[in-house]
Structures are given as C-alpha cells and as structure tokens.
$ cat data-v3.txt   # compact mmCIF, N, CA and C atoms and all ligand atoms
# COMPACT_ATOMS: atom_id res chain seq x y z
N MET A 957 14.19 0.66 11.56
CA MET A 957 13.65 1.41 10.41
C MET A 957 12.39 0.74 9.90
N SER A 958 11.54 1.54 9.35
CA SER A 958 10.32 1.00 8.77
C SER A 958 10.04 1.73 7.46
N ILE A 959 9.03 1.25 6.75
CA ILE A 959 8.69 1.89 5.48
C ILE A 959 8.21 3.32 5.69
N MET A 960 7.82 3.64 6.91
CA MET A 960 7.32 4.99 7.19
C MET A 960 8.46 6.00 7.29
N ASN A 961 9.59 5.60 7.83
CA ASN A 961 10.66 6.58 8.03
C ASN A 961 11.93 6.30 7.23
N SER A 962 11.84 5.38 6.28
CA SER A 962 12.98 5.12 5.42
C SER A 962 12.53 5.04 3.97
N ARG A 963 13.04 5.95 3.16
CA ARG A 963 12.70 5.93 1.73
C ARG A 963 13.21 4.66 1.07
N VAL A 964 14.35 4.19 1.52
CA VAL A 964 14.93 2.98 0.94
C VAL A 964 14.04 1.78 1.23
N GLU A 965 13.63 1.67 2.47
CA GLU A 965 12.74 0.57 2.86
C GLU A 965 11.41 0.66 2.11
N TYR A 966 10.92 1.87 1.97
CA TYR A 966 9.66 2.06 1.28
C TYR A 966 9.78 1.67 -0.19
N ALA A 967 10.87 2.09 -0.83
CA ALA A 967 11.08 1.76 -2.24
C ALA A 967 11.17 0.24 -2.43
N ALA A 968 11.87 -0.42 -1.54
CA ALA A 968 12.01 -1.87 -1.62
C ALA A 968 10.66 -2.56 -1.42
N ALA A 969 9.91 -2.05 -0.47
CA ALA A 969 8.59 -2.62 -0.18
C ALA A 969 7.66 -2.43 -1.36
N LEU A 970 7.75 -1.25 -1.97
CA LEU A 970 6.87 -0.95 -3.10
C LEU A 970 7.20 -1.86 -4.29
N GLU A 971 8.48 -2.09 -4.50
CA GLU A 971 8.89 -2.96 -5.59
C GLU A 971 8.35 -4.38 -5.37
N LYS A 972 8.47 -4.83 -4.14
CA LYS A 972 7.96 -6.15 -3.80
C LYS A 972 6.44 -6.22 -4.00
N ALA A 973 5.77 -5.17 -3.56
CA ALA A 973 4.31 -5.12 -3.69
C ALA A 973 3.89 -5.16 -5.16
N HIS A 974 4.65 -4.45 -5.99
CA HIS A 974 4.29 -4.39 -7.41
C HIS A 974 4.58 -5.69 -8.13
N LYS A 975 5.53 -6.46 -7.61
CA LYS A 975 5.78 -7.78 -8.17
C LYS A 975 4.66 -8.73 -7.81
N GLU A 976 4.26 -8.64 -6.56
CA GLU A 976 3.23 -9.55 -6.08
C GLU A 976 1.84 -9.15 -6.58
N PHE A 977 1.60 -7.87 -6.60
CA PHE A 977 0.30 -7.35 -7.04
C PHE A 977 0.54 -6.27 -8.11
N PRO A 978 0.78 -6.70 -9.35
CA PRO A 978 1.10 -5.70 -10.39
C PRO A 978 -0.02 -4.69 -10.56
N LEU A 979 0.40 -3.47 -10.87
CA LEU A 979 -0.59 -2.45 -11.18
C LEU A 979 -1.28 -2.80 -12.50
N ARG A 980 -2.52 -2.44 -12.59
CA ARG A 980 -3.23 -2.64 -13.86
C ARG A 980 -2.70 -1.69 -14.92
N GLN A 981 -2.99 -2.01 -16.17
CA GLN A 981 -2.59 -1.13 -17.28
C GLN A 981 -3.32 0.20 -17.18
N ALA A 982 -4.57 0.11 -16.81
CA ALA A 982 -5.37 1.33 -16.76
C ALA A 982 -6.34 1.25 -15.60
N TYR A 983 -6.59 2.41 -15.02
CA TYR A 983 -7.57 2.51 -13.95
C TYR A 983 -8.70 3.43 -14.39
N GLN A 984 -9.84 3.24 -13.78
CA GLN A 984 -11.00 4.00 -14.24
C GLN A 984 -10.90 5.48 -13.90
N ASN A 985 -10.17 5.81 -12.86
CA ASN A 985 -10.04 7.21 -12.47
C ASN A 985 -8.59 7.66 -12.59
N SER A 986 -8.40 8.95 -12.78
CA SER A 986 -7.07 9.49 -12.63
C SER A 986 -6.91 9.87 -11.15
N PRO A 987 -5.69 9.75 -10.63
CA PRO A 987 -5.49 10.01 -9.20
C PRO A 987 -5.95 11.40 -8.77
N ASP A 988 -5.91 12.36 -9.70
CA ASP A 988 -6.30 13.73 -9.36
C ASP A 988 -7.79 13.89 -9.11
N SER A 989 -8.57 13.06 -9.80
CA SER A 989 -10.02 13.23 -9.71
C SER A 989 -10.68 11.98 -9.16
N CYS A 990 -10.05 11.39 -8.18
CA CYS A 990 -10.56 10.14 -7.63
C CYS A 990 -10.94 10.32 -6.18
N VAL A 991 -12.07 9.74 -5.81
CA VAL A 991 -12.39 9.63 -4.39
C VAL A 991 -11.79 8.29 -3.96
N HIS A 992 -10.61 8.37 -3.38
CA HIS A 992 -9.82 7.15 -3.18
C HIS A 992 -10.49 6.15 -2.26
N ASP A 993 -10.22 4.90 -2.59
CA ASP A 993 -10.67 3.80 -1.75
C ASP A 993 -9.47 2.89 -1.53
N TYR A 994 -8.75 3.18 -0.46
CA TYR A 994 -7.53 2.42 -0.19
C TYR A 994 -7.83 1.13 0.55
N GLY A 995 -8.63 0.28 -0.08
CA GLY A 995 -9.04 -0.93 0.60
C GLY A 995 -8.13 -2.12 0.35
N PHE A 996 -7.18 -1.97 -0.55
CA PHE A 996 -6.38 -3.10 -0.99
C PHE A 996 -4.98 -3.00 -0.39
N VAL A 997 -4.66 -3.88 0.54
CA VAL A 997 -3.34 -3.89 1.15
C VAL A 997 -2.38 -4.67 0.24
N VAL A 998 -1.39 -3.98 -0.28
CA VAL A 998 -0.44 -4.64 -1.18
C VAL A 998 0.86 -5.02 -0.48
N PHE A 999 1.07 -4.45 0.69
CA PHE A 999 2.27 -4.81 1.43
C PHE A 999 2.04 -4.60 2.92
N CYS A 1000 2.48 -5.58 3.70
CA CYS A 1000 2.44 -5.43 5.15
C CYS A 1000 3.84 -5.73 5.66
N ASP A 1001 4.43 -4.80 6.37
CA ASP A 1001 5.82 -5.01 6.80
C ASP A 1001 5.91 -5.80 8.10
N GLY A 1002 4.78 -6.28 8.56
CA GLY A 1002 4.79 -7.08 9.78
C GLY A 1002 4.88 -6.23 11.02
N GLY A 1003 4.88 -4.93 10.81
CA GLY A 1003 4.96 -4.01 11.94
C GLY A 1003 3.77 -3.10 11.98
N ASP A 1004 4.06 -1.81 11.99
CA ASP A 1004 2.99 -0.84 12.20
C ASP A 1004 2.40 -0.28 10.92
N TRP A 1005 3.04 -0.60 9.78
CA TRP A 1005 2.64 0.11 8.56
C TRP A 1005 2.33 -0.84 7.41
N ASP A 1006 1.34 -0.45 6.64
CA ASP A 1006 1.00 -1.15 5.41
C ASP A 1006 1.14 -0.19 4.23
N ILE A 1007 1.30 -0.78 3.04
CA ILE A 1007 1.09 0.02 1.83
C ILE A 1007 -0.24 -0.40 1.26
N VAL A 1008 -1.08 0.58 1.02
CA VAL A 1008 -2.41 0.29 0.50
C VAL A 1008 -2.59 0.96 -0.86
N ARG A 1009 -3.44 0.36 -1.68
CA ARG A 1009 -3.66 0.87 -3.04
C ARG A 1009 -5.13 1.16 -3.25
N CYS A 1010 -5.37 2.25 -3.96
CA CYS A 1010 -6.72 2.56 -4.38
C CYS A 1010 -7.01 1.76 -5.65
N GLN A 1011 -8.05 0.98 -5.63
CA GLN A 1011 -8.37 0.13 -6.77
C GLN A 1011 -9.02 0.90 -7.91
N LYS A 1012 -9.34 2.14 -7.67
CA LYS A 1012 -10.00 2.92 -8.72
C LYS A 1012 -9.01 3.74 -9.54
N CYS A 1013 -7.88 4.12 -8.94
CA CYS A 1013 -6.92 4.93 -9.69
C CYS A 1013 -5.50 4.38 -9.61
N GLY A 1014 -5.24 3.45 -8.72
CA GLY A 1014 -3.92 2.84 -8.64
C GLY A 1014 -2.93 3.59 -7.78
N SER A 1015 -3.36 4.67 -7.14
CA SER A 1015 -2.42 5.38 -6.28
C SER A 1015 -2.22 4.60 -4.98
N GLU A 1016 -1.08 4.83 -4.38
CA GLU A 1016 -0.73 4.06 -3.19
C GLU A 1016 -0.26 4.99 -2.08
N ARG A 1017 -0.43 4.53 -0.87
CA ARG A 1017 0.05 5.31 0.25
C ARG A 1017 0.32 4.38 1.43
N ILE A 1018 1.00 4.93 2.40
CA ILE A 1018 1.27 4.17 3.62
C ILE A 1018 0.16 4.46 4.62
N CYS A 1019 -0.29 3.43 5.30
CA CYS A 1019 -1.27 3.68 6.35
C CYS A 1019 -0.95 2.79 7.54
N PRO A 1020 -1.43 3.16 8.70
CA PRO A 1020 -1.18 2.33 9.88
C PRO A 1020 -1.76 0.94 9.68
N CYS A 1021 -1.02 -0.06 10.09
CA CYS A 1021 -1.46 -1.44 9.90
C CYS A 1021 -2.72 -1.70 10.72
N THR A 1022 -3.71 -2.26 10.05
CA THR A 1022 -4.97 -2.53 10.75
C THR A 1022 -5.06 -3.97 11.22
N PHE A 1023 -4.07 -4.76 10.81
CA PHE A 1023 -4.09 -6.15 11.23
C PHE A 1023 -3.34 -6.28 12.55
N ASP A 1024 -4.07 -6.55 13.59
CA ASP A 1024 -3.49 -6.61 14.94
C ASP A 1024 -3.24 -8.04 15.33
N ASP A 1025 -1.98 -8.44 15.27
CA ASP A 1025 -1.71 -9.86 15.60
C ASP A 1025 -1.26 -10.03 17.04
N ASP A 1026 -1.41 -8.99 17.83
CA ASP A 1026 -1.09 -9.14 19.25
C ASP A 1026 -2.20 -9.87 20.00
N TYR A 1027 -3.37 -9.87 19.41
CA TYR A 1027 -4.52 -10.46 20.11
C TYR A 1027 -5.14 -11.57 19.29
N ASP A 1028 -4.42 -12.61 19.13
CA ASP A 1028 -4.94 -13.74 18.36
C ASP A 1028 -5.82 -14.61 19.22
ZN ZN B 1 -8.05 6.66 -6.08
$ encode --input "data-v3.txt" --output "structure tokens" --more "lines below"
Ligand SMILES: [Zn+2]
Amino acid sequence: MSIMNSRVEYAAALEKAHKEFPLRQAYQNSPDSCVHDYGFVVFCDGGDWDIVRCQKCGSERICPCTFDDDYD
C-alpha cells in the first residue's frame, strides 16, 4: 500500500507532514484563485509518491516522487 492508493496511509502521512511542516496561519492566495506552485515536498514515503504543498495557498496534493535514489 502507498499514500496513493490508501486513504489511511495518506491521512497518516499528511498528519506527519503537518507536524513536521506546520501549515501557516494564512496564505496569500485562496486555493480557488491560486496558480499553484507545488514546489515544497512535505512528505516522501520513500517510494513512488510525495505529498507536495503550494506555498502560496497551502493546498496539498500527491505527486510522483521526483527524487530518484536508484541512481546514486
Ligand atoms: Zn496554490
């Protein structure tokens, strides 16, 4: 199971991410009217998926892991 196909895993990962990288009180944009910039990785499950956060509105989503540790 991974955060991509398990809601439970995703919820646990998100909780961990929010402990490590708390959301700000306020963001400059509302998620509805934001041109998202998901540049901030708040969680990496060590596999294929990351949770990334938009630093402008605080919304989060899962994206394919861009850190490739197969080729060190
Ligand atoms: Zn955004």
$ closest_residue --input "data-v3.txt" --among "A:Val997, A:Cys990, A:Ala969, A:Ile1007" --to "ligand ZN 1 (chain B)" --atoms "all atoms listed in the file"
A:Cys990
$ atom_distance --input "data-v3.txt" --atom1 "atom CA of Pro1020 of chain A" --atom2 "atom CA of Gly1003 of chain A"
9.1 Å
$ residues_near_ligand --input "data-v3.txt" --ligand "ligand ZN 1 (chain B)" --cutoff "6 Å" --atoms "only N, CA and C atoms and all ligand atoms" --output "MDAnalysis selection string"
chainID A and resid 987 990:993 1010:1015
$ select_by_dssp --input "data-v3.txt" --residues "chain A" --states "alpha helix (DSSP H)" --output "list in words"
Arg963, Val964, Glu965, Tyr966, Ala967, Ala968, Ala969, Leu970, Glu971, Lys972, Ala973, His974, Lys975 and Glu976 of chain A
$ write_last_selection --input "data-v3.txt" --atoms "N, CA and C atoms" --output "tab-separated table (two decimals), in the frame of the given file"
chain	number	residue	atom	x	y	z
A	963	ARG	N	13.04	5.95	3.16
A	963	ARG	CA	12.70	5.93	1.73
A	963	ARG	C	13.21	4.66	1.07
A	964	VAL	N	14.35	4.19	1.52
A	964	VAL	CA	14.93	2.98	0.94
A	964	VAL	C	14.04	1.78	1.23
A	965	GLU	N	13.63	1.67	2.47
A	965	GLU	CA	12.74	0.57	2.86
A	965	GLU	C	11.41	0.66	2.11
A	966	TYR	N	10.92	1.87	1.97
A	966	TYR	CA	9.66	2.06	1.28
A	966	TYR	C	9.78	1.67	-0.19
A	967	ALA	N	10.87	2.09	-0.83
A	967	ALA	CA	11.08	1.76	-2.24
A	967	ALA	C	11.17	0.24	-2.43
A	968	ALA	N	11.87	-0.42	-1.54
A	968	ALA	CA	12.01	-1.87	-1.62
A	968	ALA	C	10.66	-2.56	-1.42
A	969	ALA	N	9.91	-2.05	-0.47
A	969	ALA	CA	8.59	-2.62	-0.18
A	969	ALA	C	7.66	-2.43	-1.36
A	970	LEU	N	7.75	-1.25	-1.97
A	970	LEU	CA	6.87	-0.95	-3.10
A	970	LEU	C	7.20	-1.86	-4.29
A	971	GLU	N	8.48	-2.09	-4.50
A	971	GLU	CA	8.89	-2.96	-5.59
A	971	GLU	C	8.35	-4.38	-5.37
A	972	LYS	N	8.47	-4.83	-4.14
A	972	LYS	CA	7.96	-6.15	-3.80
A	972	LYS	C	6.44	-6.22	-4.00
A	973	ALA	N	5.77	-5.17	-3.56
A	973	ALA	CA	4.31	-5.12	-3.69
A	973	ALA	C	3.89	-5.16	-5.16
A	974	HIS	N	4.65	-4.45	-5.99
A	974	HIS	CA	4.29	-4.39	-7.41
A	974	HIS	C	4.58	-5.69	-8.13
A	975	LYS	N	5.53	-6.46	-7.61
A	975	LYS	CA	5.78	-7.78	-8.17
A	975	LYS	C	4.66	-8.73	-7.81
A	976	GLU	N	4.26	-8.64	-6.56
A	976	GLU	CA	3.23	-9.55	-6.08
A	976	GLU	C	1.84	-9.15	-6.58
$ residues_around --input "data-v3.txt" --residues "Asp1004 of chain A" --least-positions-apart "2" --cutoff "7 Å" --atoms "all atoms listed in the file" --output "JSON, numbers by chain"
{"A": [1001, 1002, 1006, 1019, 1020, 1021, 1022]}
$ atom_distance --input "data-v3.txt" --atom1 "atom N of Ser989 of chain A" --atom2 "atom C of Glu965 of chain A"
26.4 Å
$ closest_residue --input "data-v3.txt" --among "A:Ala967, A:Tyr983, A:Met960, A:Lys975" --to "Ile1018 of chain A" --atoms "all atoms listed in the file"
A:Met960
$ atom_distance --input "data-v3.txt" --atom1 "atom N of Tyr966 of chain A" --atom2 "atom CA of Val998 of chain A"
13.5 Å
$ select_by_dssp --input "data-v3.txt" --residues "chain A" --states "strand (DSSP E)" --output "list in words"
Phe996, Val997, Val998, Phe999, Cys1000, Trp1005, Asp1006, Ile1007, Val1008, Arg1009, Glu1016, Arg1017, Ile1018, Cys1019 and Pro1020 of chain A
$ closest_residue --input "data-v3.txt" --among "A:Tyr994, A:Ser986, A:Asn961, A:Phe999" --to "Ala973 of chain A" --atoms "only N, CA and C atoms"
A:Phe999
$ closest_residue --input "data-v3.txt" --among "A:Ser962, A:Arg1017, A:Trp1005, A:Phe996" --to "Phe977 of chain A" --atoms "only C-alpha atoms"
A:Phe996
$ axis_aligned_box --input "data-v3.txt" --around "segment 959-973 of chain A" --padding-each-side "4 Å" --output "lines of an AutoDock Vina configuration file"
center_x = 9.4
center_y = 0.2
center_z = 1.2
size_x = 19.0
size_y = 20.8
size_z = 21.6
$ build_atoms --input "data-v3.txt" --residues "segment 988-999 of chain A" --atoms "all heavy atoms" --output "mmCIF file, in the coordinates of the input"
data_model
loop_
_atom_site.group_PDB
_atom_site.id
_atom_site.type_symbol
_atom_site.label_atom_id
_atom_site.label_comp_id
_atom_site.auth_asym_id
_atom_site.auth_seq_id
_atom_site.Cartn_x
_atom_site.Cartn_y
_atom_site.Cartn_z
ATOM 1 N N ASP A 988 -5.910 12.360 -9.700
ATOM 2 C CA ASP A 988 -6.300 13.730 -9.360
ATOM 3 C C ASP A 988 -7.790 13.890 -9.110
ATOM 4 O O ASP A 988 -8.208 14.744 -8.342
ATOM 5 C CB ASP A 988 -5.922 14.688 -10.503
ATOM 6 C CG ASP A 988 -4.446 14.662 -10.789
ATOM 7 O OD1 ASP A 988 -3.696 14.227 -9.895
ATOM 8 O OD2 ASP A 988 -4.044 15.069 -11.888
ATOM 9 N N SER A 989 -8.570 13.060 -9.800
ATOM 10 C CA SER A 989 -10.020 13.230 -9.710
ATOM 11 C C SER A 989 -10.680 11.980 -9.160
ATOM 12 O O SER A 989 -11.731 11.569 -9.622
ATOM 13 C CB SER A 989 -10.587 13.568 -11.091
ATOM 14 O OG SER A 989 -10.315 12.522 -11.994
ATOM 15 N N CYS A 990 -10.050 11.390 -8.180
ATOM 16 C CA CYS A 990 -10.560 10.140 -7.630
ATOM 17 C C CYS A 990 -10.940 10.320 -6.180
ATOM 18 O O CYS A 990 -10.261 11.013 -5.425
ATOM 19 C CB CYS A 990 -9.459 9.071 -7.745
ATOM 20 S SG CYS A 990 -9.947 7.473 -7.084
ATOM 21 N N VAL A 991 -12.070 9.740 -5.810
ATOM 22 C CA VAL A 991 -12.390 9.630 -4.390
ATOM 23 C C VAL A 991 -11.790 8.290 -3.960
ATOM 24 O O VAL A 991 -12.368 7.242 -4.189
ATOM 25 C CB VAL A 991 -13.912 9.658 -4.154
ATOM 26 C CG1 VAL A 991 -14.200 9.542 -2.659
ATOM 27 C CG2 VAL A 991 -14.516 10.924 -4.734
ATOM 28 N N HIS A 992 -10.610 8.370 -3.380
ATOM 29 C CA HIS A 992 -9.820 7.150 -3.180
ATOM 30 C C HIS A 992 -10.490 6.150 -2.260
ATOM 31 O O HIS A 992 -11.181 6.504 -1.304
ATOM 32 C CB HIS A 992 -8.447 7.519 -2.596
ATOM 33 C CG HIS A 992 -7.650 8.415 -3.476
ATOM 34 N ND1 HIS A 992 -7.311 8.088 -4.757
ATOM 35 C CD2 HIS A 992 -7.123 9.641 -3.245
ATOM 36 C CE1 HIS A 992 -6.600 9.074 -5.293
ATOM 37 N NE2 HIS A 992 -6.480 10.039 -4.395
ATOM 38 N N ASP A 993 -10.220 4.900 -2.590
ATOM 39 C CA ASP A 993 -10.670 3.800 -1.750
ATOM 40 C C ASP A 993 -9.470 2.890 -1.530
ATOM 41 O O ASP A 993 -9.201 1.995 -2.320
ATOM 42 C CB ASP A 993 -11.815 3.057 -2.442
ATOM 43 C CG ASP A 993 -12.216 1.796 -1.683
ATOM 44 O OD1 ASP A 993 -11.795 1.637 -0.525
ATOM 45 O OD2 ASP A 993 -12.945 0.975 -2.259
ATOM 46 N N TYR A 994 -8.750 3.180 -0.460
ATOM 47 C CA TYR A 994 -7.530 2.420 -0.190
ATOM 48 C C TYR A 994 -7.830 1.130 0.550
ATOM 49 O O TYR A 994 -7.343 0.899 1.645
ATOM 50 C CB TYR A 994 -6.557 3.272 0.622
ATOM 51 C CG TYR A 994 -5.987 4.447 -0.150
ATOM 52 C CD1 TYR A 994 -6.432 5.736 0.093
ATOM 53 C CD2 TYR A 994 -4.997 4.248 -1.100
ATOM 54 C CE1 TYR A 994 -5.903 6.819 -0.612
ATOM 55 C CE2 TYR A 994 -4.460 5.316 -1.804
ATOM 56 C CZ TYR A 994 -4.917 6.593 -1.552
ATOM 57 O OH TYR A 994 -4.395 7.649 -2.233
ATOM 58 N N GLY A 995 -8.630 0.280 -0.080
ATOM 59 C CA GLY A 995 -9.040 -0.930 0.600
ATOM 60 C C GLY A 995 -8.130 -2.120 0.350
ATOM 61 O O GLY A 995 -8.283 -3.165 0.963
ATOM 62 N N PHE A 996 -7.180 -1.970 -0.550
ATOM 63 C CA PHE A 996 -6.380 -3.100 -0.990
ATOM 64 C C PHE A 996 -4.980 -3.000 -0.390
ATOM 65 O O PHE A 996 -4.192 -2.134 -0.752
ATOM 66 C CB PHE A 996 -6.339 -3.107 -2.518
ATOM 67 C CG PHE A 996 -5.591 -4.271 -3.122
ATOM 68 C CD1 PHE A 996 -5.577 -5.506 -2.517
ATOM 69 C CD2 PHE A 996 -4.925 -4.112 -4.328
ATOM 70 C CE1 PHE A 996 -4.900 -6.578 -3.079
ATOM 71 C CE2 PHE A 996 -4.239 -5.177 -4.901
ATOM 72 C CZ PHE A 996 -4.233 -6.404 -4.282
ATOM 73 N N VAL A 997 -4.660 -3.880 0.540
ATOM 74 C CA VAL A 997 -3.340 -3.890 1.150
ATOM 75 C C VAL A 997 -2.380 -4.670 0.240
ATOM 76 O O VAL A 997 -2.581 -5.848 -0.004
ATOM 77 C CB VAL A 997 -3.383 -4.554 2.543
ATOM 78 C CG1 VAL A 997 -1.975 -4.615 3.147
ATOM 79 C CG2 VAL A 997 -4.331 -3.795 3.467
ATOM 80 N N VAL A 998 -1.390 -3.980 -0.280
ATOM 81 C CA VAL A 998 -0.440 -4.640 -1.180
ATOM 82 C C VAL A 998 0.860 -5.020 -0.480
ATOM 83 O O VAL A 998 1.651 -5.792 -1.002
ATOM 84 C CB VAL A 998 -0.124 -3.770 -2.426
ATOM 85 C CG1 VAL A 998 -1.368 -3.625 -3.289
ATOM 86 C CG2 VAL A 998 0.438 -2.420 -2.047
ATOM 87 N N PHE A 999 1.070 -4.450 0.690
ATOM 88 C CA PHE A 999 2.270 -4.810 1.430
ATOM 89 C C PHE A 999 2.040 -4.600 2.920
ATOM 90 O O PHE A 999 1.490 -3.586 3.337
ATOM 91 C CB PHE A 999 3.465 -3.958 0.976
ATOM 92 C CG PHE A 999 4.743 -4.315 1.686
ATOM 93 C CD1 PHE A 999 5.551 -5.353 1.234
ATOM 94 C CD2 PHE A 999 5.128 -3.626 2.823
ATOM 95 C CE1 PHE A 999 6.716 -5.698 1.900
ATOM 96 C CE2 PHE A 999 6.298 -3.960 3.503
ATOM 97 C CZ PHE A 999 7.088 -4.991 3.037
#
